[in-house]
file input02.pdb (PDB, C-alpha atoms)
ATOM      1  CA  MET O   1     -26.413  -7.493  23.897
ATOM      2  CA  SER O   2     -24.075 -10.381  23.103
ATOM      3  CA  ASP O   3     -25.094 -10.297  19.419
ATOM      4  CA  GLU O   4     -24.165  -6.605  19.326
ATOM      5  CA  PHE O   5     -20.751  -7.420  20.770
ATOM      6  CA  ALA O   6     -20.258 -10.248  18.266
ATOM      7  CA  ASP O   7     -21.303  -7.906  15.437
ATOM      8  CA  GLU O   8     -18.758  -5.390  16.736
ATOM      9  CA  ILE O   9     -16.034  -8.081  16.632
ATOM     10  CA  ILE O  10     -16.961  -8.896  13.014
ATOM     11  CA  SER O  11     -17.057  -5.200  12.123
ATOM     12  CA  ASP O  12     -13.632  -4.597  13.665
ATOM     13  CA  ALA O  13     -12.132  -7.578  11.829
ATOM     14  CA  THR O  14     -13.678  -6.406   8.538
ATOM     15  CA  GLU O  15     -12.212  -2.944   9.054
ATOM     16  CA  ARG O  16      -8.749  -4.389   9.774
ATOM     17  CA  MET O  17      -8.987  -6.528   6.627
ATOM     18  CA  ALA O  18      -9.990  -3.511   4.520
ATOM     19  CA  ARG O  19      -7.028  -1.549   5.897
ATOM     20  CA  ALA O  20      -4.702  -4.435   4.944
ATOM     21  CA  VAL O  21      -6.053  -4.356   1.371
ATOM     22  CA  ALA O  22      -5.654  -0.571   1.189
ATOM     23  CA  HIS O  23      -2.117  -0.870   2.536
ATOM     24  CA  ALA O  24      -1.261  -3.481  -0.102
ATOM     25  CA  ARG O  25      -2.527  -1.182  -2.851
ATOM     26  CA  SER O  26      -0.481   1.742  -1.547
ATOM     27  CA  GLU O  27       2.584  -0.511  -1.327
ATOM     28  CA  PHE O  28       2.020  -1.617  -4.943
ATOM     29  CA  ALA O  29       1.791   2.027  -6.018
ATOM     30  CA  GLY O  30       5.278   2.572  -4.620
ATOM     31  CA  ILE O  31       6.808  -0.173  -6.769
ATOM     32  CA  ARG O  32       8.314   1.257  -9.921
ATOM     33  CA  THR O  33       6.948   0.069 -13.264
ATOM     34  CA  GLY O  34       8.915   2.064 -15.823
ATOM     35  CA  ARG O  35       6.018   4.486 -16.191
ATOM     36  CA  ALA O  36       5.967   7.774 -14.330
ATOM     37  CA  SER O  37       3.797   7.668 -11.220
ATOM     38  CA  PRO O  38       3.623  10.122  -8.317
ATOM     39  CA  GLY O  39       2.932   7.161  -5.994
ATOM     40  CA  LEU O  40       6.581   6.209  -6.337
ATOM     41  CA  VAL O  41       7.936   9.354  -4.660
ATOM     42  CA  GLU O  42       5.082  11.104  -2.879
ATOM     43  CA  LYS O  43       5.710   9.384   0.459
ATOM     44  CA  LEU O  44       9.483   9.941   0.481
ATOM     45  CA  PRO O  45      10.533  11.714   3.718
ATOM     46  CA  VAL O  46      12.168  15.073   2.973
ATOM     47  CA  GLU O  47      14.251  16.936   5.558
ATOM     48  CA  TYR O  48      12.698  20.403   5.407
ATOM     49  CA  TYR O  49      13.673  23.183   7.825
ATOM     50  CA  GLY O  50      14.634  20.795  10.590
ATOM     51  CA  SER O  51      11.666  18.427  10.338
ATOM     52  CA  THR O  52      10.884  15.434   8.167
ATOM     53  CA  VAL O  53       7.761  15.672   6.007
ATOM     54  CA  PRO O  54       6.423  13.542   3.140
ATOM     55  CA  LEU O  55       7.207  14.925  -0.311
ATOM     56  CA  GLN O  56       3.489  15.162  -1.145
ATOM     57  CA  GLN O  57       3.184  17.976   1.450
ATOM     58  CA  LEU O  58       5.950  19.991  -0.206
ATOM     59  CA  ALA O  59       5.118  19.747  -3.902
ATOM     60  CA  SER O  60       2.564  18.994  -6.578
ATOM     61  CA  PHE O  61       3.078  16.302  -9.190
ATOM     62  CA  SER O  62       2.307  16.098 -12.887
ATOM     63  CA  VAL O  63       2.997  13.499 -15.556
ATOM     64  CA  PRO O  64       3.665  15.271 -18.885
ATOM     65  CA  ASP O  65       4.309  11.944 -20.639
ATOM     66  CA  ALA O  66       4.527   8.242 -19.760
ATOM     67  CA  ARG O  67       8.204   8.333 -18.773
ATOM     68  CA  MET O  68       8.455  11.773 -17.150
ATOM     69  CA  LEU O  69       7.350  12.960 -13.714
ATOM     70  CA  MET O  70       7.426  16.645 -12.893
ATOM     71  CA  ILE O  71       7.643  17.758  -9.258
ATOM     72  CA  SER O  72       6.743  21.394  -8.617
ATOM     73  CA  PRO O  73       7.669  22.458  -5.072
ATOM     74  CA  PHE O  74       5.392  24.975  -3.355
ATOM     75  CA  ASP O  75       8.526  26.594  -1.879
ATOM     76  CA  LYS O  76      11.393  26.936  -4.370
ATOM     77  CA  GLY O  77      13.850  26.813  -1.455
ATOM     78  CA  SER O  78      13.025  23.149  -0.912
ATOM     79  CA  ILE O  79      14.255  22.011  -4.355
ATOM     80  CA  GLY O  80      17.710  21.030  -3.058
ATOM     81  CA  ALA O  81      16.293  18.964  -0.189
ATOM     82  CA  ILE O  82      13.839  17.219  -2.523
ATOM     83  CA  GLU O  83      16.606  16.419  -5.005
ATOM     84  CA  ARG O  84      18.837  14.970  -2.264
ATOM     85  CA  THR O  85      15.982  12.819  -0.994
ATOM     86  CA  ILE O  86      15.294  11.408  -4.470
ATOM     87  CA  VAL O  87      18.970  10.671  -5.103
ATOM     88  CA  ASP O  88      19.362   9.039  -1.653
ATOM     89  CA  SER O  89      16.147   6.995  -2.037
ATOM     90  CA  ASN O  90      17.845   4.326  -4.178
ATOM     91  CA  LEU O  91      15.041   4.400  -6.756
ATOM     92  CA  GLY O  92      17.506   4.576  -9.638
ATOM     93  CA  LEU O  93      16.231   7.988 -10.750
ATOM     94  CA  ASN O  94      18.329  11.051 -11.540
ATOM     95  CA  PRO O  95      16.484  14.315 -10.906
ATOM     96  CA  SER O  96      17.100  17.304 -13.154
ATOM     97  CA  ASN O  97      16.422  20.726 -11.705
ATOM     98  CA  ASP O  98      15.544  23.835 -13.733
ATOM     99  CA  GLY O  99      15.252  26.109 -10.684
ATOM    100  CA  ALA O 100      11.455  25.970 -10.558
ATOM    101  CA  ALA O 101      10.683  22.267 -10.879
ATOM    102  CA  ILE O 102      12.322  18.863 -10.789
ATOM    103  CA  ARG O 103      11.991  16.435 -13.667
ATOM    104  CA  LEU O 104      12.396  12.703 -13.221
ATOM    105  CA  ALA O 105      12.967  10.643 -16.355
ATOM    106  CA  PHE O 106      12.005   6.990 -15.938
ATOM    107  CA  PRO O 107      14.304   4.724 -17.959
ATOM    108  CA  PRO O 108      12.851   1.433 -19.218
ATOM    109  CA  LEU O 109      13.277  -1.453 -16.790
ATOM    110  CA  THR O 110      15.495  -4.426 -17.553
ATOM    111  CA  GLU O 111      13.954  -7.909 -17.478
ATOM    112  CA  GLU O 112      15.924  -8.782 -14.341
ATOM    113  CA  ARG O 113      14.726  -5.619 -12.564
ATOM    114  CA  ARG O 114      11.117  -6.366 -13.564
ATOM    115  CA  ARG O 115      11.323  -9.844 -12.036
ATOM    116  CA  GLU O 116      12.840  -8.381  -8.875
ATOM    117  CA  TYR O 117       9.918  -5.937  -8.583
ATOM    118  CA  VAL O 118       7.422  -8.771  -9.147
ATOM    119  CA  ARG O 119       9.044 -10.688  -6.261
ATOM    120  CA  LEU O 120       8.784  -7.574  -4.103
ATOM    121  CA  ALA O 121       5.099  -7.158  -5.018
ATOM    122  CA  ARG O 122       4.409 -10.802  -4.156
ATOM    123  CA  GLN O 123       6.133 -10.353  -0.806
ATOM    124  CA  ARG O 124       4.012  -7.275  -0.021
ATOM    125  CA  ALA O 125       0.863  -9.164  -1.059
ATOM    126  CA  GLU O 126       1.753 -12.034   1.284
ATOM    127  CA  GLU O 127       2.273  -9.574   4.147
ATOM    128  CA  SER O 128      -1.211  -8.183   3.498
ATOM    129  CA  ARG O 129      -2.735 -11.663   3.340
ATOM    130  CA  ASN O 130      -1.079 -12.416   6.694
ATOM    131  CA  ALA O 131      -2.587  -9.251   8.179
ATOM    132  CA  ILE O 132      -6.019 -10.306   6.881
ATOM    133  CA  ARG O 133      -5.646 -13.789   8.366
ATOM    134  CA  SER O 134      -4.453 -12.295  11.648
ATOM    135  CA  ALA O 135      -7.615 -10.169  11.837
ATOM    136  CA  ARG O 136      -9.688 -13.312  11.222
ATOM    137  CA  ARG O 137      -7.746 -15.285  13.856
ATOM    138  CA  ASP O 138      -8.180 -12.544  16.492
ATOM    139  CA  ALA O 139     -11.907 -12.246  15.775
ATOM    140  CA  ARG O 140     -12.327 -16.022  15.925
ATOM    141  CA  LYS O 141     -10.545 -16.135  19.266
ATOM    142  CA  ASP O 142     -12.890 -13.454  20.654
ATOM    143  CA  LEU O 143     -15.973 -15.227  19.296
ATOM    144  CA  GLU O 144     -14.876 -18.595  20.707
ATOM    145  CA  SER O 145     -14.331 -16.928  24.060
ATOM    146  CA  MET O 146     -17.863 -15.520  23.911
ATOM    147  CA  GLN O 147     -19.221 -18.980  23.105
ATOM    148  CA  ARG O 148     -17.316 -20.536  26.042
ATOM    149  CA  ASP O 149     -18.722 -17.859  28.349
ATOM    150  CA  GLY O 150     -22.227 -18.683  27.135
ATOM    151  CA  ASP O 151     -22.813 -15.298  25.482
ATOM    152  CA  ILE O 152     -23.495 -16.831  22.059
ATOM    153  CA  SER O 153     -24.656 -20.289  21.019
ATOM    154  CA  GLU O 154     -22.612 -22.784  19.041
ATOM    155  CA  ASP O 155     -24.843 -22.163  16.003
ATOM    156  CA  ASP O 156     -24.205 -18.407  16.281
ATOM    157  CA  LEU O 157     -20.478 -19.091  16.547
ATOM    158  CA  ARG O 158     -20.579 -21.180  13.376
ATOM    159  CA  ARG O 159     -22.604 -18.480  11.579
ATOM    160  CA  TYR O 160     -20.158 -15.742  12.606
ATOM    161  CA  GLU O 161     -17.165 -17.887  11.623
ATOM    162  CA  ASP O 162     -18.712 -18.494   8.184
ATOM    163  CA  LEU O 163     -19.209 -14.755   7.780
ATOM    164  CA  LEU O 164     -15.586 -14.134   8.818
ATOM    165  CA  ASP O 165     -14.339 -16.738   6.341
ATOM    166  CA  LYS O 166     -16.334 -15.142   3.491
ATOM    167  CA  ARG O 167     -14.943 -11.703   4.279
ATOM    168  CA  THR O 168     -11.430 -13.121   4.574
ATOM    169  CA  LYS O 169     -11.686 -14.800   1.161
ATOM    170  CA  SER O 170     -13.138 -11.649  -0.365
ATOM    171  CA  ASN O 171     -10.321  -9.455   0.969
ATOM    172  CA  GLU O 172      -7.637 -11.958  -0.019
ATOM    173  CA  ALA O 173      -9.155 -12.022  -3.520
ATOM    174  CA  GLU O 174      -8.868  -8.206  -3.660
ATOM    175  CA  VAL O 175      -5.173  -8.413  -2.737
ATOM    176  CA  ASP O 176      -4.643 -11.162  -5.333
ATOM    177  CA  GLU O 177      -6.411  -9.080  -7.990
ATOM    178  CA  ALA O 178      -4.279  -6.025  -7.168
ATOM    179  CA  LEU O 179      -1.148  -8.205  -7.287
ATOM    180  CA  GLU O 180      -2.164  -9.663 -10.635
ATOM    181  CA  HIS O 181      -2.720  -6.174 -12.021
ATOM    182  CA  LYS O 182       0.655  -4.940 -10.693
ATOM    183  CA  THR O 183       2.457  -8.017 -12.061
ATOM    184  CA  ALA O 184       0.954  -7.454 -15.512
ATOM    185  CA  GLU O 185       1.910  -3.776 -15.317
ATOM    186  CA  LEU O 186       5.484  -4.651 -14.345
ATOM    187  CA  MET O 187       5.981  -7.303 -17.019
ATOM    188  CA  GLU O 188       4.642  -5.325 -19.985
ATOM    189  CA  ALA O 189       7.444  -4.093 -22.175
TER     190      ALA O 189
END
call {"tool": "encode", "arguments": {"input": "input02.pdb", "output": "structure tokens"}}
result
Amino acid sequence: MSDEFADEIISDATERMARAVAHARSEFAGIRTGRASPGLVEKLPVEYYGSTVPLQQLASFSVPDARMLMISPFDKGSIGAIERTIVDSNLGLNPSNDGAAIRLAFPPLTEERRREYVRLARQRAEESRNAIRSARRDARKDLESMQRDGDISEDDLRRYEDLLDKRTKSNEAEVDEALEHKTAELMEA
């Protein structure tokens, strides 16, 4: 019974770590690289008929070339609201509207802007690493409590802590790899 509970603690911590990695990747997708990417705008909140919905629920996206993103709203009446949201989002993009779709041209990034985005990516990666470490710390606390209560032995505690440390390192390595990839993507000319 106590081993099942300890396994559940490990499983919960692993799940929290995986969510932190997934969150880091989605955050990286929202950082502009100079190339067109729907990830940059798909989560923008659009005011649509009195409620706020993510842009991805109002339109489809296509990338006709590396520096152009085309947004095709499902309802043509939402074009104005989508345009306002993009302009107000402070992404540095100017939408052009042809009545049926919105085109976003992505200008090349300056060196200073690239470095700023790299700093932002590093900050998001550190936040994810902190979330991973927090999951490990919470699980460790629960396991140590179980050991104090006599539910698991000291050897079991050590074994579970080693497993937690391996999973923590593995998830941190995934975040580091994603950061490395995003940094390379941002710095390429």
call {"tool": "atom_distance", "arguments": {"input": "input02.pdb", "atom1": "CA of Ser145 in chain O", "atom2": "CA of Ile10 in chain O"}}
result
13.9 Å
call {"tool": "closest_residue", "arguments": {"input": "input02.pdb", "among": "O:Leu40, O:Leu157, O:Val46, O:Ala121", "to": "Asp176 in chain O", "atoms": "all atoms listed in the file"}}
result
O:Ala121
call {"tool": "atom_distance", "arguments": {"input": "input02.pdb", "atom1": "CA of Arg133 in chain O", "atom2": "CA of Arg167 in chain O"}}
result
10.4 Å
call {"tool": "closest_residue", "arguments": {"input": "input02.pdb", "among": "O:Arg124, O:Arg32, O:Arg136, O:Arg114", "to": "Asn171 in chain O", "atoms": "all atoms listed in the file"}}
result
O:Arg136
call {"tool": "atom_distance", "arguments": {"input": "input02.pdb", "atom1": "CA of Asp12 in chain O", "atom2": "CA of Arg122 in chain O"}}
result
26.1 Å
call {"tool": "resolve_selection", "arguments": {"input": "input02.pdb", "expression": "the PyMOL selection byres ((chain O and resi 188) around 12)", "output": "list in words"}}
result
Thr33, Gly34, Arg35, Pro108, Leu109, Thr110, Glu111, Arg114, Arg115, Val118, His181, Lys182, Thr183, Ala184, Glu185, Leu186, Met187 and Ala189 of chain O
call {"tool": "decode", "arguments": {"input": "input02.pdb", "residues": "range 59-116 of chain O", "atoms": "C-alpha atoms", "output": "short mmCIF file (atom, residue, chain, number, x, y, z; two decimals), in the first residue's frame"}}
result
data_model
loop_
_atom_site.label_atom_id
_atom_site.label_comp_id
_atom_site.auth_asym_id
_atom_site.auth_seq_id
_atom_site.Cartn_x
_atom_site.Cartn_y
_atom_site.Cartn_z
CA ALA O 59 -9.43 31.57 -37.73
CA SER O 60 -7.18 29.17 -39.59
CA PHE O 61 -3.53 29.92 -40.29
CA SER O 62 -1.29 29.33 -43.27
CA VAL O 63 2.30 30.25 -44.06
CA PRO O 64 2.61 30.99 -47.81
CA ASP O 65 6.30 31.86 -47.44
CA ALA O 66 8.90 32.20 -44.66
CA ARG O 67 8.06 35.82 -43.84
CA MET O 68 4.28 35.85 -44.37
CA LEU O 69 1.48 34.53 -42.17
CA MET O 70 -2.05 34.41 -43.51
CA ILE O 71 -4.99 34.42 -41.08
CA SER O 72 -8.32 33.33 -42.55
CA PRO O 73 -11.20 34.05 -40.16
CA PHE O 74 -14.10 31.59 -40.15
CA ASP O 75 -16.46 34.58 -39.76
CA LYS O 76 -15.55 37.54 -41.98
CA GLY O 77 -17.20 39.86 -39.45
CA SER O 78 -14.39 39.17 -36.99
CA ILE O 79 -11.63 40.61 -39.22
CA GLY O 80 -11.73 44.04 -37.55
CA ALA O 81 -11.49 42.58 -34.04
CA ILE O 82 -8.61 40.31 -35.07
CA GLU O 83 -6.75 43.22 -36.66
CA ARG O 84 -7.18 45.39 -33.54
CA THR O 85 -5.90 42.57 -31.34
CA ILE O 86 -2.78 42.11 -33.48
CA VAL O 87 -2.04 45.84 -33.55
CA ASP O 88 -2.60 46.14 -29.76
CA SER O 89 -0.48 43.04 -29.01
CA ASN O 90 2.81 44.95 -29.30
CA LEU O 91 4.33 42.26 -31.54
CA GLY O 92 5.62 44.85 -34.01
CA LEU O 93 3.46 43.48 -36.83
CA ASN O 94 1.20 45.47 -39.14
CA PRO O 95 -1.75 43.46 -40.43
CA SER O 96 -3.05 44.05 -43.94
CA ASN O 97 -6.66 43.16 -44.62
CA ASP O 98 -8.09 42.24 -48.04
CA GLY O 99 -11.64 41.71 -46.75
CA ALA O 100 -11.36 37.93 -46.62
CA ALA O 101 -8.05 37.33 -44.87
CA ILE O 102 -5.36 39.11 -42.90
CA ARG O 103 -1.73 39.01 -43.97
CA LEU O 104 1.11 39.56 -41.54
CA ALA O 105 4.51 40.36 -43.02
CA PHE O 106 7.39 39.54 -40.68
CA PRO O 107 10.25 42.03 -41.08
CA PRO O 108 13.77 40.78 -40.35
CA LEU O 109 14.82 41.21 -36.73
CA THR O 110 17.59 43.59 -35.70
CA GLU O 111 20.54 42.20 -33.74
CA GLU O 112 19.43 44.06 -30.62
CA ARG O 113 15.89 42.65 -30.89
CA ARG O 114 17.29 39.12 -31.36
CA ARG O 115 19.34 39.41 -28.17
CA GLU O 116 16.29 40.71 -26.32
#
